[in-house]
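Just target.txt here, compact mmCIF, C-alpha atoms and all ligand atoms:
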# COMPACT_ATOMS: atom_id res chain seq x y z
CA MET K 197 288.21 101.25 152.93
CA PRO K 198 287.32 97.78 154.30
CA ALA K 199 289.80 95.11 153.24
CA TYR K 200 286.95 92.72 152.42
CA SER K 201 283.50 93.39 151.04
CA LEU K 202 280.46 92.03 152.85
CA PRO K 203 277.74 90.40 150.76
CA THR K 204 274.90 92.75 149.87
CA GLN K 205 272.22 92.64 152.58
CA ASN K 206 268.95 91.54 151.08
CA LYS K 207 266.27 93.20 153.21
CA THR K 208 263.85 90.27 153.00
CA MET K 209 266.37 87.65 154.24
CA ASN K 210 268.29 87.44 157.48
CA ILE K 211 272.05 86.99 157.27
CA LEU K 212 271.86 83.27 158.01
CA GLU K 213 269.45 82.68 155.12
CA GLU K 214 271.70 84.78 152.91
CA ILE K 215 274.79 82.78 153.90
CA VAL K 216 273.01 79.45 153.35
CA GLY K 217 271.91 80.70 149.93
CA TYR K 218 275.44 81.43 148.72
CA LYS K 219 276.88 78.32 150.46
CA LEU K 220 274.64 76.07 148.37
CA ILE K 221 275.95 77.79 145.22
CA GLU K 222 279.58 77.60 146.45
CA VAL K 223 279.27 73.88 147.24
CA ALA K 224 277.69 73.09 143.86
CA GLN K 225 280.58 74.91 142.13
CA SER K 226 283.23 73.18 144.27
CA LYS K 227 281.73 69.76 143.59
CA GLY K 228 281.96 70.49 139.86
CA GLU K 229 285.59 71.56 140.15
CA VAL K 230 286.97 69.13 142.79
CA PRO K 231 285.22 65.77 143.23
CA GLU K 232 285.29 64.18 146.69
CA SER K 233 287.60 61.49 145.34
CA ALA K 234 290.19 64.24 144.66
CA LEU K 235 289.79 65.69 148.17
CA GLU K 236 290.58 62.22 149.52
CA GLN K 237 294.00 62.44 147.81
CA GLU K 238 294.96 65.65 149.65
CA PRO K 239 297.99 65.26 151.97
CA PHE K 240 296.05 66.05 155.18
CA PHE K 241 293.25 63.61 154.42
CA LEU K 242 294.94 60.68 156.15
CA ARG K 243 296.35 62.75 159.03
CA PRO K 244 294.98 61.48 162.39
CA ALA K 245 292.83 64.21 163.94
CA LEU K 246 293.36 65.66 167.43
CA SER K 247 290.57 65.40 169.98
CA LEU K 248 289.10 68.75 171.07
CA LYS K 249 287.28 66.95 173.89
CA ARG K 250 290.61 65.77 175.26
CA PHE K 251 292.25 69.20 174.98
CA LEU K 252 289.25 70.89 176.64
CA LEU K 253 289.49 68.57 179.64
CA GLU K 254 293.28 68.96 180.09
CA ALA K 255 293.73 70.86 183.35
CA GLU K 256 296.81 72.82 182.26
CA ARG K 257 295.01 74.43 179.29
CA THR K 258 292.73 77.46 179.40
CA GLY K 259 289.59 76.08 177.77
CA ILE K 260 289.80 78.93 175.27
CA ILE K 261 289.10 78.11 171.64
CA ALA K 262 290.71 81.13 170.02
CA GLU K 263 289.19 82.22 166.74
CA PHE K 264 290.95 83.78 163.78
CA LYS K 265 288.30 86.14 162.39
CA ARG K 266 289.10 89.06 160.07
CA GLN K 267 285.58 90.41 159.70
CA SER K 268 282.01 89.51 160.53
CA PRO K 269 278.51 90.47 159.44
CA SER K 270 277.81 92.09 162.82
CA LYS K 271 281.08 94.04 163.17
CA GLY K 272 282.37 94.57 159.62
CA VAL K 273 286.17 94.54 159.38
CA ILE K 274 287.71 93.58 162.73
CA ASN K 275 291.33 93.16 161.69
CA GLY K 276 292.34 93.21 158.05
CA ALA K 277 296.07 93.13 158.77
CA ALA K 278 296.52 90.13 161.08
CA ASP K 279 298.65 87.26 159.83
CA VAL K 280 296.98 83.88 160.29
CA LEU K 281 300.19 81.95 160.91
CA ASP K 282 301.59 84.42 163.48
CA VAL K 283 298.33 84.79 165.35
CA THR K 284 297.27 81.14 165.50
CA THR K 285 300.78 80.04 166.46
CA ALA K 286 300.79 82.48 169.38
CA TYR K 287 297.35 81.24 170.44
CA ALA K 288 298.44 77.58 170.24
CA ASN K 289 301.75 78.13 172.07
CA ASN K 290 300.18 80.08 174.91
CA GLY K 291 297.48 77.79 176.22
CA ALA K 292 294.64 77.74 173.71
CA SER K 293 292.71 74.46 173.97
CA GLY K 294 291.82 74.78 170.32
CA LEU K 295 291.81 77.09 167.31
CA SER K 296 288.79 78.14 165.31
CA VAL K 297 289.52 79.23 161.76
CA LEU K 298 286.80 80.78 159.61
CA THR K 299 286.90 79.46 156.07
CA ASP K 300 283.95 81.50 154.78
CA GLY K 301 285.13 84.19 152.38
CA PRO K 302 282.22 86.54 151.60
CA SER K 303 281.06 87.30 155.16
CA PHE K 304 284.18 86.60 157.26
CA GLY K 305 287.15 87.14 154.91
CA GLY K 306 288.41 83.60 155.61
CA SER K 307 289.59 80.80 153.34
CA ALA K 308 290.72 77.19 153.19
CA GLU K 309 294.26 78.57 152.88
CA ASP K 310 293.91 80.14 156.35
CA LEU K 311 293.13 76.76 157.87
CA VAL K 312 295.96 75.06 156.01
CA ALA K 313 298.36 77.76 157.29
CA ALA K 314 297.14 77.30 160.88
CA ARG K 315 297.60 73.52 160.60
CA ILE K 316 301.27 73.83 161.50
CA ASN K 317 300.04 73.97 165.12
CA GLU K 318 299.50 70.78 167.10
CA VAL K 319 296.24 71.81 168.77
CA PRO K 320 292.75 70.87 167.56
CA ILE K 321 291.45 73.10 164.77
CA LEU K 322 287.77 73.78 164.20
CA ARG K 323 286.75 74.48 160.62
CA LYS K 324 284.36 77.37 161.34
CA GLU K 325 281.98 77.13 158.41
CA PHE K 326 278.29 77.03 157.56
CA ILE K 327 277.92 73.36 156.73
CA VAL K 328 274.94 72.63 154.54
CA ASP K 329 276.24 69.61 152.61
CA PRO K 330 278.31 66.51 153.52
CA TYR K 331 280.83 67.52 150.83
CA GLN K 332 282.03 70.30 153.16
CA ILE K 333 282.88 67.66 155.79
CA THR K 334 285.21 65.90 153.36
CA GLU K 335 286.66 69.31 152.48
CA ALA K 336 287.26 70.01 156.18
CA LYS K 337 289.25 66.80 156.54
CA ALA K 338 291.27 67.59 153.40
CA MET K 339 292.14 71.04 154.83
CA GLY K 340 293.50 69.44 158.01
CA ALA K 341 290.61 70.24 160.37
CA ASP K 342 290.05 68.18 163.52
CA VAL K 343 286.55 69.40 164.31
CA ILE K 344 283.54 70.66 162.38
CA LEU K 345 280.69 72.92 163.45
CA LEU K 346 277.08 71.96 162.83
CA ILE K 347 274.64 74.83 163.34
CA ALA K 348 271.20 73.68 164.50
CA ALA K 349 269.54 76.78 163.04
CA ILE K 350 270.36 75.68 159.48
CA LEU K 351 270.07 71.88 159.77
CA THR K 352 267.43 69.31 160.68
CA PRO K 353 268.07 66.93 163.61
CA ARG K 354 268.35 64.16 161.02
CA GLN K 355 271.06 66.05 159.12
CA VAL K 356 272.93 66.68 162.38
CA LYS K 357 273.04 62.94 163.06
CA GLU K 358 273.98 62.03 159.48
CA TYR K 359 276.72 64.70 159.26
CA THR K 360 278.06 63.78 162.71
CA LEU K 361 278.43 60.15 161.69
CA LYS K 362 280.23 61.22 158.52
CA ALA K 363 282.63 63.43 160.52
CA HIS K 364 283.33 60.52 162.86
CA GLU K 365 283.98 58.18 159.93
CA LEU K 366 286.68 60.65 158.88
CA GLY K 367 288.06 60.78 162.44
CA MET K 368 286.85 64.32 163.25
CA GLU K 369 284.76 65.56 166.18
CA VAL K 370 281.62 67.68 166.04
CA ILE K 371 280.47 70.77 167.87
CA LEU K 372 276.70 71.14 167.64
CA GLU K 373 275.81 74.82 167.97
CA ILE K 374 272.50 75.80 169.50
CA HIS K 375 271.01 79.13 170.50
CA GLY K 376 267.51 78.43 171.80
CA GLU K 377 265.44 75.85 173.64
CA ASP K 378 263.79 74.79 170.39
CA GLU K 379 267.21 73.58 169.15
CA LEU K 380 267.80 71.21 172.08
CA ARG K 381 266.05 68.54 169.99
CA HIS K 382 269.04 68.58 167.61
CA ILE K 383 271.28 67.10 170.34
CA ASN K 384 271.92 63.38 169.91
CA ASP K 385 274.19 60.85 171.62
CA PHE K 386 276.81 61.15 168.89
CA VAL K 387 277.75 64.84 168.97
CA ASP K 388 280.98 65.44 170.88
CA VAL K 389 280.45 68.95 172.23
CA VAL K 390 277.42 71.22 172.52
CA GLY K 391 278.19 74.88 171.84
CA VAL K 392 275.78 77.55 173.00
CA ASN K 393 276.09 80.61 170.81
CA ASN K 394 275.36 83.72 172.85
CA ARG K 395 274.87 85.62 169.57
CA ASN K 396 271.50 85.46 167.90
CA LEU K 397 272.66 84.92 164.33
CA LYS K 398 269.50 86.54 162.96
CA THR K 399 269.47 89.74 165.04
CA PHE K 400 273.16 89.83 166.23
CA GLU K 401 272.00 90.43 169.80
CA VAL K 402 274.57 88.96 172.24
CA SER K 403 273.93 87.87 175.82
CA LEU K 404 275.85 85.44 178.05
CA GLU K 405 272.49 84.73 179.69
CA THR K 406 271.75 82.47 176.69
CA SER K 407 274.48 80.11 177.96
CA VAL K 408 273.25 80.42 181.52
CA HIS K 409 269.65 79.65 180.54
CA LEU K 410 270.46 76.61 178.38
CA SER K 411 273.11 75.15 180.71
CA SER K 412 270.68 73.12 182.83
CA LEU K 413 268.65 71.99 179.79
CA ILE K 414 271.58 70.38 177.95
CA PRO K 415 271.85 66.67 178.90
CA SER K 416 274.27 66.24 181.80
CA GLY K 417 277.45 64.52 180.76
CA MET K 418 277.69 66.52 177.51
CA ILE K 419 280.77 68.73 177.22
CA LYS K 420 279.48 72.30 176.89
CA ILE K 421 281.20 75.33 175.43
CA SER K 422 279.99 78.91 175.33
CA GLU K 423 280.49 80.94 172.14
CA SER K 424 280.55 84.66 171.33
CA GLY K 425 280.52 87.85 173.35
CA ILE K 426 283.14 86.68 175.87
CA HIS K 427 285.40 89.61 176.76
CA SER K 428 286.80 89.19 180.27
CA ILE K 429 288.18 86.82 182.89
CA ALA K 430 284.99 87.50 184.85
CA ASP K 431 282.93 86.26 181.88
CA ILE K 432 284.89 82.97 181.88
CA GLN K 433 284.59 82.55 185.64
CA TYR K 434 280.85 83.23 185.39
CA LEU K 435 280.33 80.66 182.62
CA LYS K 436 282.42 78.05 184.45
CA ARG K 437 279.90 78.22 187.30
CA TYR K 438 277.29 76.88 184.85
CA GLY K 439 279.44 73.93 183.79
CA TYR K 440 281.07 75.37 180.66
CA LYS K 441 284.45 73.80 179.84
CA GLY K 442 285.25 75.77 176.71
CA PHE K 443 285.02 79.41 175.60
CA LEU K 444 285.05 80.35 171.92
CA ILE K 445 286.52 83.83 171.66
CA GLY K 446 287.14 85.76 168.46
CA GLU K 447 286.62 89.49 168.44
CA ASN K 448 288.05 90.23 171.89
CA PHE K 449 291.55 89.34 170.65
CA MET K 450 291.19 90.05 166.93
CA LYS K 451 290.06 93.65 167.44
CA GLN K 452 293.44 94.48 169.01
CA PRO K 453 296.27 95.66 166.74
CA ASP K 454 298.31 92.71 168.08
CA PRO K 455 295.89 89.80 168.71
CA ALA K 456 298.76 87.51 169.78
CA LEU K 457 299.87 89.92 172.51
CA ALA K 458 296.26 90.49 173.61
CA PHE K 459 295.80 86.73 173.97
CA MET K 460 299.02 86.30 175.98
CA LYS K 461 298.04 89.10 178.38
CA PHE K 462 294.56 87.61 178.76
CA VAL K 463 295.94 84.13 179.57
CA ALA K 464 298.43 85.57 182.07
CA ALA K 465 295.55 87.34 183.85
CA LEU K 466 293.42 84.19 183.71
CA ASN K 467 296.22 82.11 185.24
CA GLU K 468 296.75 84.71 187.95
CA ALA K 469 293.03 84.71 188.76
CA SER K 470 293.00 80.91 189.03
CA VAL K 471 295.74 80.64 191.68
O1 LIG A 501 279.93 87.17 164.30
C1 LIG A 501 278.96 87.41 163.56
O2 LIG A 501 278.61 88.56 163.25
C2 LIG A 501 278.17 86.30 162.96
C3 LIG A 501 277.10 86.58 162.12
C4 LIG A 501 276.38 85.56 161.52
C5 LIG A 501 276.72 84.25 161.75
C6 LIG A 501 277.79 83.93 162.59
C7 LIG A 501 278.50 84.95 163.20
N1 LIG A 501 279.58 84.68 164.01
C8 LIG A 501 280.09 83.38 164.24
C9 LIG A 501 280.40 83.16 165.66
O3 LIG A 501 279.70 82.39 166.24
C10 LIG A 501 281.55 83.90 166.30
O4 LIG A 501 282.50 84.18 165.32
C11 LIG A 501 282.26 83.17 167.44
O5 LIG A 501 281.40 82.60 168.35
C12 LIG A 501 283.18 84.18 168.19
O6 LIG A 501 282.41 85.26 168.65
P1 LIG A 501 283.08 86.61 169.20
O7 LIG A 501 284.00 86.23 170.31
O8 LIG A 501 281.95 87.44 169.68
O9 LIG A 501 283.83 87.20 168.06
Target encoding structure tokens, full file:
Amino acid sequence: MPAYSLPTQNKTMNILEEIVGYKLIEVAQSKGEVPESALEQEPFFLRPALSLKRFLLEAERTGIIAEFKRQSPSKGVINGAADVLDVTTAYANNGASGLSVLTDGPSFGGSAEDLVAARINEVPILRKEFIVDPYQITEAKAMGADVILLIAAILTPRQVKEYTLKAHELGMEVILEIHGEDELRHINDFVDVVGVNNRNLKTFEVSLETSVHLSSLIPSGMIKISESGIHSIADIQYLKRYGYKGFLIGENFMKQPDPALAFMKFVAALNEASV
């Protein structure tokens, strides 16, 4: 039996539309229960955020943004037993440039509590969420996040700019996630990092060639990361050739019975390959 139940697939909507649909309901409920003024009183709200850009450029780190992900729409349950504190601490202490913590419950089995638990680590933490309302940016800060994700496929270029400025006001950085050429227009001078998602979030097809193709079309000078479908040292070496400084990896570690050990072995092999 899966530890978490996936939302019912509505045949007329793709998963992204389905997620946006329930996010709007979730946000409306949360706003009714916890006003933004209350989020601003949370202990982490005034905590100075760490810079993912800085950590990604530090030579002694791996560039890996290691994701804590229990389940996903494309794979179902990946690891229902992993402990968020144990796993993220091992990632942070063994060279991760950042942590990505899913806070979506229905599709990914995550929660705000997961991010709060991971916050014990002094590396930048991405709140991995489907942001459709500025309220979620204030929530991210209150949870202790350093970085938010803005997904071009569900936002207008205007929203990307507005939400980026709000994140910056709160001291956080922004990863703008794109998947196709048509989303290049969402990039503006304010976003901190451009993430190319190799996974088509509508069809779940994954190809590193998405990162390769978009690499030369992203304005030079932007810090680029590649997301999804990264499984080997060779994948990282390949993506580095196209200027990628960061590598968001979830399933490759989480699918192992001991994600922490899998990460440590991977980093040891990466370090050996780099000498
Ligand atoms: O992973 C999914 O199935 C998925 C479906 C719909 C929207 C988003 C989805 N994933 C989010 C991600 O982008 C990945 O969790 C992240 O890039 C890590 O990917 P991977 O290393 O392939 O687990």
Neighbours of ligand LIG 501 (chain A) within 7 Å, counting all atoms listed in the file, as a list in words?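 My answer, listing the contacting residues, is Ile211, Leu212, Glu263, Lys265, Ser268, Pro269, Ser270, Lys271, Asn393, Arg395, Leu397, Phe400, Glu423, Ser424, Gly425, Ile426, Leu444, Ile445, Gly446, Glu447 and Asn448 of chain K.
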Can I get the selection written as a short mmCIF file (atom, residue, chain, number, x, y, z; two decimals), keeping the file's coordinate frame, with C-alpha atoms?
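The resulting file, selection_4.cif, is reproduced below:
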data_model
loop_
_atom_site.label_atom_id
_atom_site.label_comp_id
_atom_site.auth_asym_id
_atom_site.auth_seq_id
_atom_site.Cartn_x
_atom_site.Cartn_y
_atom_site.Cartn_z
CA ILE K 211 272.05 86.99 157.27
CA LEU K 212 271.86 83.27 158.01
CA GLU K 263 289.19 82.22 166.74
CA LYS K 265 288.30 86.14 162.39
CA SER K 268 282.01 89.51 160.53
CA PRO K 269 278.51 90.47 159.44
CA SER K 270 277.81 92.09 162.82
CA LYS K 271 281.08 94.04 163.17
CA ASN K 393 276.09 80.61 170.81
CA ARG K 395 274.87 85.62 169.57
CA LEU K 397 272.66 84.92 164.33
CA PHE K 400 273.16 89.83 166.23
CA GLU K 423 280.49 80.94 172.14
CA SER K 424 280.55 84.66 171.33
CA GLY K 425 280.52 87.85 173.35
CA ILE K 426 283.14 86.68 175.87
CA LEU K 444 285.05 80.35 171.92
CA ILE K 445 286.52 83.83 171.66
CA GLY K 446 287.14 85.76 168.46
CA GLU K 447 286.62 89.49 168.44
CA ASN K 448 288.05 90.23 171.89
#
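Ranking K:Val389, K:Ala458, K:Val328, K:Val463 by their shortest atom-to-atom distance to Ala224 (chain K), with only C-alpha atoms included, puts K:Val328 first.
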Test item: which residues lie within 9 Å of (281.8, 74.8, 181.3) counting only C-alpha atoms, as a list in words: Gly259, Ser411, Ile419, Lys420, Ile421, Ser422, Ile432, Leu435, Lys436, Arg437, Tyr438, Gly439, Tyr440, Lys441, Gly442 and Phe443 of chain K
Of the listed residues K:Val387, K:Val356, K:Ile347, K:Val283, that which approaches Ala313 (chain K) most closely, counting all atoms listed in the file: K:Val283
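If you measure from each of K:Ala338, K:Val223, K:Ala430, K:Ala292 to Val319 (chain K) using only C-alpha atoms, the closest one turns out to be K:Ala292.
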Here is a test: counting all atoms listed in the file, which residue of K:Ala314, K:Met368, K:Ala262, K:Ala277 is nearest to Pro244 (chain K)? K:Met368
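Atom pair CA of Gly305 (chain K) / CA of Lys451 (chain K): separated by 14.4 Å.
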